[in-house]
>>> print(open('input18.txt').read())   # compact mmCIF, N, CA and C atoms
# COMPACT_ATOMS: atom_id res chain seq x y z
N GLN A 1165 -74.35 207.67 -104.04
CA GLN A 1165 -73.92 209.00 -104.44
C GLN A 1165 -73.82 209.06 -105.97
N VAL A 1166 -74.48 210.03 -106.54
CA VAL A 1166 -74.48 210.16 -107.99
C VAL A 1166 -73.15 210.77 -108.46
N GLN A 1167 -72.57 210.16 -109.47
CA GLN A 1167 -71.36 210.69 -110.07
C GLN A 1167 -71.51 210.73 -111.57
N LEU A 1168 -71.05 211.80 -112.17
CA LEU A 1168 -71.02 211.93 -113.62
C LEU A 1168 -69.57 212.08 -114.03
N VAL A 1169 -69.15 211.28 -114.98
CA VAL A 1169 -67.76 211.31 -115.43
C VAL A 1169 -67.74 211.49 -116.94
N GLU A 1170 -67.16 212.60 -117.37
CA GLU A 1170 -67.05 212.87 -118.80
C GLU A 1170 -65.75 212.28 -119.35
N SER A 1171 -65.78 211.95 -120.62
CA SER A 1171 -64.58 211.47 -121.32
C SER A 1171 -64.70 211.84 -122.79
N GLY A 1172 -63.58 211.72 -123.49
CA GLY A 1172 -63.59 211.94 -124.92
C GLY A 1172 -63.03 213.26 -125.39
N GLY A 1173 -62.68 214.13 -124.45
CA GLY A 1173 -62.10 215.40 -124.85
C GLY A 1173 -60.69 215.23 -125.38
N GLY A 1174 -60.14 216.30 -125.91
CA GLY A 1174 -58.78 216.24 -126.43
C GLY A 1174 -58.49 217.40 -127.35
N LEU A 1175 -57.40 217.25 -128.08
CA LEU A 1175 -56.96 218.28 -129.02
C LEU A 1175 -57.31 217.83 -130.44
N VAL A 1176 -57.93 218.71 -131.18
CA VAL A 1176 -58.34 218.38 -132.55
C VAL A 1176 -58.16 219.62 -133.42
N GLN A 1177 -57.91 219.40 -134.69
CA GLN A 1177 -57.79 220.52 -135.62
C GLN A 1177 -59.17 221.03 -136.02
N ALA A 1178 -59.20 222.28 -136.41
CA ALA A 1178 -60.46 222.86 -136.88
C ALA A 1178 -61.04 222.01 -138.01
N GLY A 1179 -62.33 221.80 -137.93
CA GLY A 1179 -63.01 220.96 -138.91
C GLY A 1179 -63.12 219.51 -138.48
N GLY A 1180 -62.41 219.16 -137.43
CA GLY A 1180 -62.42 217.79 -136.96
C GLY A 1180 -63.62 217.47 -136.08
N SER A 1181 -63.62 216.25 -135.55
CA SER A 1181 -64.74 215.76 -134.75
C SER A 1181 -64.25 215.14 -133.45
N LEU A 1182 -65.10 215.21 -132.47
CA LEU A 1182 -64.89 214.51 -131.20
C LEU A 1182 -66.24 214.00 -130.71
N ARG A 1183 -66.18 212.93 -129.95
CA ARG A 1183 -67.40 212.41 -129.32
C ARG A 1183 -67.17 212.37 -127.82
N LEU A 1184 -67.94 213.16 -127.10
CA LEU A 1184 -67.86 213.18 -125.65
C LEU A 1184 -68.88 212.21 -125.07
N SER A 1185 -68.50 211.56 -123.99
CA SER A 1185 -69.41 210.68 -123.28
C SER A 1185 -69.48 211.07 -121.82
N CYS A 1186 -70.63 210.82 -121.23
CA CYS A 1186 -70.83 211.11 -119.82
C CYS A 1186 -71.48 209.88 -119.19
N ALA A 1187 -70.76 209.25 -118.29
CA ALA A 1187 -71.26 208.06 -117.62
C ALA A 1187 -71.77 208.42 -116.24
N ALA A 1188 -72.99 208.02 -115.97
CA ALA A 1188 -73.60 208.31 -114.68
C ALA A 1188 -73.64 207.04 -113.83
N SER A 1189 -73.24 207.18 -112.58
CA SER A 1189 -73.30 206.05 -111.65
C SER A 1189 -74.01 206.50 -110.38
N GLY A 1190 -74.47 205.50 -109.63
CA GLY A 1190 -75.17 205.81 -108.38
C GLY A 1190 -76.58 206.33 -108.60
N ILE A 1191 -77.12 206.08 -109.81
CA ILE A 1191 -78.46 206.57 -110.13
C ILE A 1191 -79.50 205.65 -109.49
N THR A 1192 -80.37 206.22 -108.67
CA THR A 1192 -81.45 205.44 -108.06
C THR A 1192 -82.80 206.07 -108.38
N PHE A 1193 -82.82 206.92 -109.38
CA PHE A 1193 -84.05 207.60 -109.75
C PHE A 1193 -84.13 207.66 -111.26
N SER A 1194 -85.27 208.04 -111.76
CA SER A 1194 -85.43 208.20 -113.20
C SER A 1194 -85.09 209.64 -113.56
N SER A 1195 -84.03 209.79 -114.32
CA SER A 1195 -83.64 211.14 -114.75
C SER A 1195 -84.68 211.67 -115.72
N SER A 1196 -84.89 212.97 -115.70
CA SER A 1196 -85.82 213.56 -116.64
C SER A 1196 -85.12 214.26 -117.80
N ALA A 1197 -83.86 214.66 -117.58
CA ALA A 1197 -83.15 215.34 -118.65
C ALA A 1197 -81.65 215.30 -118.41
N ALA A 1198 -80.91 215.42 -119.48
CA ALA A 1198 -79.46 215.54 -119.41
C ALA A 1198 -79.04 216.64 -120.38
N ALA A 1199 -77.91 217.23 -120.11
CA ALA A 1199 -77.48 218.35 -120.94
C ALA A 1199 -75.97 218.44 -120.97
N TRP A 1200 -75.49 219.19 -121.94
CA TRP A 1200 -74.08 219.53 -122.03
C TRP A 1200 -73.95 221.06 -122.00
N PHE A 1201 -73.01 221.50 -121.20
CA PHE A 1201 -72.65 222.91 -121.13
C PHE A 1201 -71.14 223.00 -121.36
N ARG A 1202 -70.66 224.20 -121.63
CA ARG A 1202 -69.21 224.38 -121.72
C ARG A 1202 -68.81 225.70 -121.08
N LEU A 1203 -67.56 225.73 -120.63
CA LEU A 1203 -67.02 226.91 -119.99
C LEU A 1203 -65.68 227.23 -120.62
N ALA A 1204 -65.62 228.37 -121.28
CA ALA A 1204 -64.39 228.83 -121.90
C ALA A 1204 -63.76 229.91 -121.03
N PRO A 1205 -62.44 230.05 -121.10
CA PRO A 1205 -61.77 231.07 -120.28
C PRO A 1205 -62.35 232.46 -120.51
N GLY A 1206 -62.66 233.14 -119.41
CA GLY A 1206 -63.17 234.49 -119.51
C GLY A 1206 -64.63 234.61 -119.89
N LYS A 1207 -65.30 233.47 -119.98
CA LYS A 1207 -66.71 233.50 -120.38
C LYS A 1207 -67.57 232.80 -119.33
N VAL A 1208 -68.88 233.02 -119.41
CA VAL A 1208 -69.80 232.32 -118.53
C VAL A 1208 -70.11 230.95 -119.13
N ARG A 1209 -70.57 230.06 -118.26
CA ARG A 1209 -70.89 228.72 -118.75
C ARG A 1209 -72.05 228.81 -119.74
N GLU A 1210 -71.90 228.10 -120.82
CA GLU A 1210 -72.84 228.19 -121.95
C GLU A 1210 -73.57 226.88 -122.15
N PHE A 1211 -74.88 226.97 -122.29
CA PHE A 1211 -75.68 225.80 -122.63
C PHE A 1211 -75.42 225.41 -124.08
N LEU A 1212 -75.32 224.10 -124.34
CA LEU A 1212 -75.11 223.61 -125.69
C LEU A 1212 -76.28 222.77 -126.18
N ALA A 1213 -76.64 221.76 -125.41
CA ALA A 1213 -77.64 220.81 -125.88
C ALA A 1213 -78.24 220.10 -124.68
N ALA A 1214 -79.48 219.66 -124.85
CA ALA A 1214 -80.16 218.90 -123.81
C ALA A 1214 -81.04 217.85 -124.45
N ILE A 1215 -81.38 216.85 -123.66
CA ILE A 1215 -82.24 215.78 -124.15
C ILE A 1215 -83.21 215.38 -123.06
N ASN A 1216 -84.47 215.25 -123.43
CA ASN A 1216 -85.47 214.71 -122.52
C ASN A 1216 -85.23 213.21 -122.42
N TRP A 1217 -85.01 212.75 -121.20
CA TRP A 1217 -84.54 211.37 -121.05
C TRP A 1217 -85.56 210.34 -121.52
N SER A 1218 -86.82 210.59 -121.34
CA SER A 1218 -87.82 209.58 -121.71
C SER A 1218 -88.22 209.68 -123.18
N SER A 1219 -88.44 210.90 -123.68
CA SER A 1219 -88.92 211.04 -125.05
C SER A 1219 -87.79 211.11 -126.07
N GLY A 1220 -86.60 211.52 -125.62
CA GLY A 1220 -85.50 211.69 -126.56
C GLY A 1220 -85.53 213.01 -127.31
N THR A 1221 -86.47 213.87 -127.00
CA THR A 1221 -86.53 215.18 -127.64
C THR A 1221 -85.27 215.96 -127.30
N THR A 1222 -84.70 216.62 -128.31
CA THR A 1222 -83.44 217.33 -128.12
C THR A 1222 -83.61 218.83 -128.31
N TYR A 1223 -82.68 219.56 -127.70
CA TYR A 1223 -82.69 221.02 -127.75
C TYR A 1223 -81.25 221.48 -127.92
N TYR A 1224 -81.06 222.47 -128.78
CA TYR A 1224 -79.71 222.96 -129.07
C TYR A 1224 -79.67 224.48 -129.10
N VAL A 1225 -78.53 225.00 -128.66
CA VAL A 1225 -78.29 226.43 -128.86
C VAL A 1225 -77.97 226.62 -130.34
N ASP A 1226 -78.31 227.77 -130.87
CA ASP A 1226 -78.16 228.00 -132.31
C ASP A 1226 -76.74 227.79 -132.81
N SER A 1227 -75.76 228.14 -131.99
CA SER A 1227 -74.37 228.09 -132.44
C SER A 1227 -73.86 226.68 -132.72
N VAL A 1228 -74.56 225.66 -132.23
CA VAL A 1228 -74.10 224.29 -132.45
C VAL A 1228 -75.08 223.45 -133.26
N LYS A 1229 -76.22 224.00 -133.60
CA LYS A 1229 -77.20 223.26 -134.41
C LYS A 1229 -76.58 222.84 -135.72
N GLY A 1230 -76.80 221.58 -136.06
CA GLY A 1230 -76.26 221.07 -137.30
C GLY A 1230 -74.83 220.56 -137.17
N ARG A 1231 -74.16 220.89 -136.07
CA ARG A 1231 -72.79 220.42 -135.86
C ARG A 1231 -72.70 219.42 -134.70
N PHE A 1232 -73.48 219.65 -133.64
CA PHE A 1232 -73.45 218.80 -132.46
C PHE A 1232 -74.72 217.97 -132.38
N THR A 1233 -74.59 216.76 -131.87
CA THR A 1233 -75.75 215.89 -131.67
C THR A 1233 -75.66 215.25 -130.29
N ILE A 1234 -76.71 215.44 -129.51
CA ILE A 1234 -76.78 214.82 -128.19
C ILE A 1234 -77.61 213.55 -128.28
N SER A 1235 -77.20 212.55 -127.53
CA SER A 1235 -77.94 211.29 -127.50
C SER A 1235 -77.79 210.67 -126.13
N ARG A 1236 -78.66 209.71 -125.83
CA ARG A 1236 -78.55 209.03 -124.53
C ARG A 1236 -78.79 207.55 -124.71
N ASP A 1237 -78.21 206.79 -123.79
CA ASP A 1237 -78.41 205.35 -123.74
C ASP A 1237 -79.03 205.06 -122.39
N ASN A 1238 -80.31 204.79 -122.39
CA ASN A 1238 -81.03 204.60 -121.14
C ASN A 1238 -80.48 203.42 -120.34
N ALA A 1239 -80.16 202.35 -121.03
CA ALA A 1239 -79.71 201.14 -120.35
C ALA A 1239 -78.36 201.34 -119.67
N LYS A 1240 -77.51 202.12 -120.30
CA LYS A 1240 -76.16 202.32 -119.77
C LYS A 1240 -76.03 203.59 -118.94
N ASN A 1241 -77.11 204.37 -118.86
CA ASN A 1241 -77.06 205.66 -118.15
C ASN A 1241 -75.92 206.53 -118.64
N THR A 1242 -75.83 206.65 -119.95
CA THR A 1242 -74.82 207.52 -120.54
C THR A 1242 -75.47 208.52 -121.47
N VAL A 1243 -74.83 209.66 -121.57
CA VAL A 1243 -75.26 210.68 -122.52
C VAL A 1243 -74.03 211.11 -123.30
N SER A 1244 -74.19 211.28 -124.58
CA SER A 1244 -73.06 211.57 -125.45
C SER A 1244 -73.29 212.86 -126.23
N LEU A 1245 -72.20 213.43 -126.68
CA LEU A 1245 -72.27 214.62 -127.52
C LEU A 1245 -71.32 214.42 -128.68
N GLN A 1246 -71.87 214.21 -129.85
CA GLN A 1246 -71.07 214.09 -131.06
C GLN A 1246 -70.86 215.49 -131.62
N MET A 1247 -69.59 215.86 -131.78
CA MET A 1247 -69.27 217.21 -132.22
C MET A 1247 -68.52 217.14 -133.54
N ASN A 1248 -69.10 217.70 -134.57
CA ASN A 1248 -68.49 217.73 -135.89
C ASN A 1248 -68.23 219.18 -136.30
N GLY A 1249 -67.37 219.35 -137.27
CA GLY A 1249 -67.08 220.70 -137.74
C GLY A 1249 -66.59 221.62 -136.65
N LEU A 1250 -65.70 221.12 -135.82
CA LEU A 1250 -65.25 221.91 -134.67
C LEU A 1250 -64.49 223.15 -135.10
N LYS A 1251 -64.66 224.20 -134.33
CA LYS A 1251 -64.03 225.50 -134.58
C LYS A 1251 -63.17 225.90 -133.39
N PRO A 1252 -62.19 226.74 -133.60
CA PRO A 1252 -61.37 227.18 -132.46
C PRO A 1252 -62.20 227.77 -131.32
N GLU A 1253 -63.30 228.41 -131.65
CA GLU A 1253 -64.15 228.99 -130.60
C GLU A 1253 -64.92 227.95 -129.80
N ASP A 1254 -64.83 226.70 -130.20
CA ASP A 1254 -65.43 225.61 -129.42
C ASP A 1254 -64.51 225.16 -128.28
N THR A 1255 -63.31 225.71 -128.23
CA THR A 1255 -62.37 225.36 -127.17
C THR A 1255 -62.94 225.75 -125.81
N ALA A 1256 -63.02 224.77 -124.92
CA ALA A 1256 -63.63 224.99 -123.61
C ALA A 1256 -63.55 223.70 -122.80
N VAL A 1257 -63.95 223.80 -121.55
CA VAL A 1257 -64.18 222.60 -120.74
C VAL A 1257 -65.66 222.26 -120.86
N TYR A 1258 -65.94 221.02 -121.23
CA TYR A 1258 -67.30 220.59 -121.47
C TYR A 1258 -67.80 219.78 -120.28
N HIS A 1259 -68.97 220.15 -119.80
CA HIS A 1259 -69.58 219.51 -118.63
C HIS A 1259 -70.91 218.88 -119.01
N CYS A 1260 -71.16 217.70 -118.47
CA CYS A 1260 -72.49 217.14 -118.60
C CYS A 1260 -73.25 217.40 -117.31
N ALA A 1261 -74.57 217.40 -117.41
CA ALA A 1261 -75.43 217.67 -116.27
C ALA A 1261 -76.66 216.79 -116.35
N LEU A 1262 -77.20 216.48 -115.19
CA LEU A 1262 -78.34 215.57 -115.11
C LEU A 1262 -79.40 216.18 -114.21
N ARG A 1263 -80.64 216.02 -114.66
CA ARG A 1263 -81.74 216.54 -113.87
C ARG A 1263 -82.51 215.40 -113.25
N LYS A 1264 -82.77 215.51 -111.95
CA LYS A 1264 -83.53 214.49 -111.23
C LYS A 1264 -85.00 214.86 -111.17
N GLY A 1265 -85.30 216.15 -111.18
CA GLY A 1265 -86.65 216.63 -110.93
C GLY A 1265 -87.62 216.35 -112.06
N PRO A 1266 -88.81 216.91 -111.94
CA PRO A 1266 -89.86 216.70 -112.96
C PRO A 1266 -89.40 217.15 -114.34
N ALA A 1267 -90.06 216.60 -115.34
CA ALA A 1267 -89.69 216.92 -116.71
C ALA A 1267 -89.87 218.41 -117.00
N LEU A 1268 -88.95 218.93 -117.80
CA LEU A 1268 -89.03 220.32 -118.24
C LEU A 1268 -89.87 220.39 -119.51
N LEU A 1269 -90.34 221.60 -119.81
CA LEU A 1269 -91.23 221.73 -120.95
C LEU A 1269 -90.64 222.55 -122.09
N TYR A 1270 -89.88 223.57 -121.76
CA TYR A 1270 -89.49 224.52 -122.78
C TYR A 1270 -87.97 224.62 -122.91
N TYR A 1271 -87.54 225.07 -124.07
CA TYR A 1271 -86.11 225.24 -124.34
C TYR A 1271 -85.47 226.11 -123.26
N ALA A 1272 -86.12 227.18 -122.89
CA ALA A 1272 -85.54 228.10 -121.91
C ALA A 1272 -85.24 227.40 -120.60
N ASP A 1273 -86.08 226.45 -120.23
CA ASP A 1273 -85.86 225.70 -119.00
C ASP A 1273 -84.70 224.72 -119.13
N TYR A 1274 -84.61 224.07 -120.27
CA TYR A 1274 -83.51 223.13 -120.50
C TYR A 1274 -82.16 223.83 -120.51
N SER A 1275 -82.15 225.10 -120.89
CA SER A 1275 -80.89 225.82 -121.04
C SER A 1275 -80.39 226.46 -119.75
N ARG A 1276 -81.14 226.34 -118.68
CA ARG A 1276 -80.75 227.00 -117.43
C ARG A 1276 -80.01 226.05 -116.50
N GLU A 1277 -78.84 226.46 -116.05
CA GLU A 1277 -78.01 225.61 -115.21
C GLU A 1277 -78.72 225.15 -113.94
N PHE A 1278 -79.51 226.01 -113.35
CA PHE A 1278 -80.08 225.68 -112.04
C PHE A 1278 -81.16 224.60 -112.13
N ASN A 1279 -81.53 224.22 -113.34
CA ASN A 1279 -82.51 223.13 -113.48
C ASN A 1279 -81.86 221.75 -113.47
N TYR A 1280 -80.54 221.71 -113.27
CA TYR A 1280 -79.83 220.44 -113.25
C TYR A 1280 -79.26 220.19 -111.86
N ASP A 1281 -79.38 218.95 -111.42
CA ASP A 1281 -79.03 218.61 -110.05
C ASP A 1281 -77.61 218.07 -109.89
N TYR A 1282 -77.09 217.47 -110.93
CA TYR A 1282 -75.77 216.82 -110.83
C TYR A 1282 -74.91 217.26 -112.01
N TRP A 1283 -73.61 217.41 -111.71
CA TRP A 1283 -72.68 217.89 -112.72
C TRP A 1283 -71.41 217.06 -112.71
N GLY A 1284 -70.83 216.87 -113.89
CA GLY A 1284 -69.53 216.24 -113.98
C GLY A 1284 -68.42 217.26 -113.83
N GLN A 1285 -67.19 216.75 -113.71
CA GLN A 1285 -66.03 217.61 -113.52
C GLN A 1285 -65.58 218.29 -114.80
N GLY A 1286 -65.96 217.72 -115.91
CA GLY A 1286 -65.64 218.34 -117.19
C GLY A 1286 -64.50 217.67 -117.92
N THR A 1287 -64.49 217.86 -119.22
CA THR A 1287 -63.42 217.35 -120.06
C THR A 1287 -63.00 218.47 -121.02
N GLN A 1288 -61.69 218.62 -121.17
CA GLN A 1288 -61.16 219.72 -121.98
C GLN A 1288 -61.23 219.39 -123.46
N VAL A 1289 -61.74 220.33 -124.22
CA VAL A 1289 -61.73 220.25 -125.68
C VAL A 1289 -60.95 221.44 -126.20
N THR A 1290 -59.93 221.17 -126.99
CA THR A 1290 -59.12 222.23 -127.57
C THR A 1290 -59.12 222.06 -129.08
N VAL A 1291 -59.51 223.11 -129.78
CA VAL A 1291 -59.55 223.07 -131.24
C VAL A 1291 -58.52 224.05 -131.78
N SER A 1292 -57.57 223.52 -132.52
CA SER A 1292 -56.50 224.36 -133.07
C SER A 1292 -56.88 224.84 -134.47
N SER A 1293 -56.41 226.02 -134.81
CA SER A 1293 -56.74 226.58 -136.12
C SER A 1293 -55.75 226.18 -137.18
>>> encode(input="input18.txt", output="structure tokens")
Amino acid sequence: QVQLVESGGGLVQAGGSLRLSCAASGITFSSSAAAWFRLAPGKVREFLAAINWSSGTTYYVDSVKGRFTISRDNAKNTVSLQMNGLKPEDTAVYHCALRKGPALLYYADYSREFNYDYWGQGTQVTVSS
């Protein structure tokens, strides 16, 4: 059974940094992509970043470009999100997601929730002003 467990969330002041990690277990297939989404109160879940598991190509929503960096460790089956320059509007529950299916080609595909097969429970990030 595939499980994704996020860690690294917490409370940070505006301008600070956090590094989120997502550990995957029970993997018996080659993942094609991983991504981070977030869900803030009263809002829909938002795509943040994705990475092609084999090539390492990354994709970001405009609001986090230059501030967030997604990376993966193939050997450890982990995906991380380094978040710098955090803002109060970054406050949300952050979820990692993993895709089992064929590789995606375009940003629009990477940003769609339904293209991911497995999801973690999320980790809370709170940014104070």
>>> residues_around(input="input18.txt", residues="region 1197-1200 of chain A", least_positions_apart="6", cutoff="8 Å", atoms="only C-alpha atoms", output="ChimeraX atom specification")
/A:1211-1217,1243,1245,1258-1264,1267-1268,1274,1280
>>> residues_near_point(input="input18.txt", point="(-62.2, 227.9, -125.8)", cutoff="6 Å", atoms="only C-alpha atoms", output="PyMOL selection string")
chain A and resi 1204+1253-1256
>>> atom_distance(input="input18.txt", atom1="atom C of Val1208 (chain A)", atom2="CA of Asp1237 (chain A)")
27.3 Å
>>> residues_around(input="input18.txt", residues="Ser1292 (chain A)", least_positions_apart="2", cutoff="5 Å", atoms="all atoms listed in the file", output="list in words")
Val1176, Gln1177, Ala1178 and Thr1290 of chain A
>>> residues_around(input="input18.txt", residues="Ser1181 (chain A)", least_positions_apart="2", cutoff="6.5 Å", atoms="only N, CA and C atoms", output="number ranges by chain")
A: 1176, 1179, 1183, 1247-1250
>>> write_last_selection(input="input18.txt", atoms="N, CA and C atoms", output="PDB file, in the coordinates of the input")
ATOM      1  N   VAL A1176     -57.930 218.710-131.180  1.00  0.00           N
ATOM      2  CA  VAL A1176     -58.340 218.380-132.550  1.00  0.00           C
ATOM      3  C   VAL A1176     -58.160 219.620-133.420  1.00  0.00           C
ATOM      4  N   GLY A1179     -62.330 221.800-137.930  1.00  0.00           N
ATOM      5  CA  GLY A1179     -63.010 220.960-138.910  1.00  0.00           C
ATOM      6  C   GLY A1179     -63.120 219.510-138.480  1.00  0.00           C
ATOM      7  N   ARG A1183     -66.180 212.930-129.950  1.00  0.00           N
ATOM      8  CA  ARG A1183     -67.400 212.410-129.320  1.00  0.00           C
ATOM      9  C   ARG A1183     -67.170 212.370-127.820  1.00  0.00           C
ATOM     10  N   MET A1247     -69.590 215.860-131.780  1.00  0.00           N
ATOM     11  CA  MET A1247     -69.270 217.210-132.220  1.00  0.00           C
ATOM     12  C   MET A1247     -68.520 217.140-133.540  1.00  0.00           C
ATOM     13  N   ASN A1248     -69.100 217.700-134.570  1.00  0.00           N
ATOM     14  CA  ASN A1248     -68.490 217.730-135.890  1.00  0.00           C
ATOM     15  C   ASN A1248     -68.230 219.180-136.300  1.00  0.00           C
ATOM     16  N   GLY A1249     -67.370 219.350-137.270  1.00  0.00           N
ATOM     17  CA  GLY A1249     -67.080 220.700-137.740  1.00  0.00           C
ATOM     18  C   GLY A1249     -66.590 221.620-136.650  1.00  0.00           C
ATOM     19  N   LEU A1250     -65.700 221.120-135.820  1.00  0.00           N
ATOM     20  CA  LEU A1250     -65.250 221.910-134.670  1.00  0.00           C
ATOM     21  C   LEU A1250     -64.490 223.150-135.100  1.00  0.00           C
TER      22      LEU A1250
END
>>> atom_distance(input="input18.txt", atom1="atom N of Tyr1271 (chain A)", atom2="CA of Tyr1223 (chain A)")
7.3 Å
>>> atom_distance(input="input18.txt", atom1="CA of Leu1182 (chain A)", atom2="atom C of Gln1246 (chain A)")
6.1 Å
>>> closest_residue(input="input18.txt", among="A:Ala1239, A:Leu1269, A:Val1166, A:Ile1234", to="Gly1220 (chain A)", atoms="only N, CA and C atoms")
A:Ile1234
>>> closest_residue(input="input18.txt", among="A:Ser1189, A:Thr1233, A:Thr1287, A:Ser1218", to="Pro1266 (chain A)", atoms="only C-alpha atoms")
A:Ser1218
>>> residues_around(input="input18.txt", residues="Glu1170 (chain A)", least_positions_apart="4", cutoff="6 Å", atoms="only C-alpha atoms", output="ChimeraX atom specification")
/A:1185-1186,1286-1287
>>> closest_residue(input="input18.txt", among="A:Pro1252, A:Arg1236, A:Gln1167, A:Ser1219", to="Val1291 (chain A)", atoms="all atoms listed in the file")
A:Pro1252
>>> build_atoms(input="input18.txt", residues="region 1224-1231 of chain A", atoms="all heavy atoms", output="CSV table (one decimal), in the frame of the given file")
chain,number,residue,atom,x,y,z
A,1224,TYR,N,-81.1,222.5,-128.8
A,1224,TYR,CA,-79.7,223.0,-129.1
A,1224,TYR,C,-79.7,224.5,-129.1
A,1224,TYR,O,-80.6,225.1,-129.6
A,1224,TYR,CB,-79.2,222.5,-130.4
A,1224,TYR,CG,-79.1,221.0,-130.6
A,1224,TYR,CD1,-80.2,220.2,-131.1
A,1224,TYR,CD2,-78.0,220.3,-130.2
A,1224,TYR,CE1,-80.1,218.8,-131.2
A,1224,TYR,CE2,-77.9,218.9,-130.3
A,1224,TYR,CZ,-78.9,218.2,-130.8
A,1224,TYR,OH,-78.8,216.8,-130.9
A,1225,VAL,N,-78.5,225.0,-128.7
A,1225,VAL,CA,-78.3,226.4,-128.9
A,1225,VAL,C,-78.0,226.6,-130.3
A,1225,VAL,O,-77.4,225.7,-131.0
A,1225,VAL,CB,-77.1,226.9,-127.9
A,1225,VAL,CG1,-75.8,226.3,-128.4
A,1225,VAL,CG2,-77.1,228.4,-127.9
A,1226,ASP,N,-78.3,227.8,-130.9
A,1226,ASP,CA,-78.2,228.0,-132.3
A,1226,ASP,C,-76.7,227.8,-132.8
A,1226,ASP,O,-76.5,227.3,-133.9
A,1226,ASP,CB,-78.6,229.4,-132.7
A,1226,ASP,CG,-80.1,229.6,-132.6
A,1226,ASP,OD1,-80.8,228.5,-132.6
A,1226,ASP,OD2,-80.6,230.7,-132.7
A,1227,SER,N,-75.8,228.1,-132.0
A,1227,SER,CA,-74.4,228.1,-132.4
A,1227,SER,C,-73.9,226.7,-132.7
A,1227,SER,O,-72.8,226.5,-133.4
A,1227,SER,CB,-73.5,228.8,-131.4
A,1227,SER,OG,-73.5,228.1,-130.2
A,1228,VAL,N,-74.6,225.7,-132.2
A,1228,VAL,CA,-74.1,224.3,-132.4
A,1228,VAL,C,-75.1,223.4,-133.3
A,1228,VAL,O,-74.8,222.3,-133.6
A,1228,VAL,CB,-73.8,223.6,-131.1
A,1228,VAL,CG1,-72.8,224.4,-130.3
A,1228,VAL,CG2,-75.0,223.2,-130.4
A,1229,LYS,N,-76.2,224.0,-133.6
A,1229,LYS,CA,-77.2,223.3,-134.4
A,1229,LYS,C,-76.6,222.8,-135.7
A,1229,LYS,O,-75.9,223.6,-136.4
A,1229,LYS,CB,-78.4,224.1,-134.7
A,1229,LYS,CG,-79.4,224.2,-133.6
A,1229,LYS,CD,-80.6,225.0,-133.9
A,1229,LYS,CE,-81.6,225.1,-132.8
A,1229,LYS,NZ,-82.7,226.0,-133.1
A,1230,GLY,N,-76.8,221.6,-136.1
A,1230,GLY,CA,-76.3,221.1,-137.3
A,1230,GLY,C,-74.8,220.6,-137.2
A,1230,GLY,O,-74.3,219.9,-138.1
A,1231,ARG,N,-74.2,220.9,-136.1
A,1231,ARG,CA,-72.8,220.4,-135.9
A,1231,ARG,C,-72.7,219.4,-134.7
A,1231,ARG,O,-71.9,218.5,-134.8
A,1231,ARG,CB,-71.9,221.6,-135.5
A,1231,ARG,CG,-71.8,222.6,-136.7
A,1231,ARG,CD,-70.6,223.6,-136.4
A,1231,ARG,NE,-70.8,224.3,-135.1
A,1231,ARG,CZ,-69.8,224.4,-134.2
A,1231,ARG,NH1,-68.6,223.8,-134.4
A,1231,ARG,NH2,-70.0,225.1,-133.1
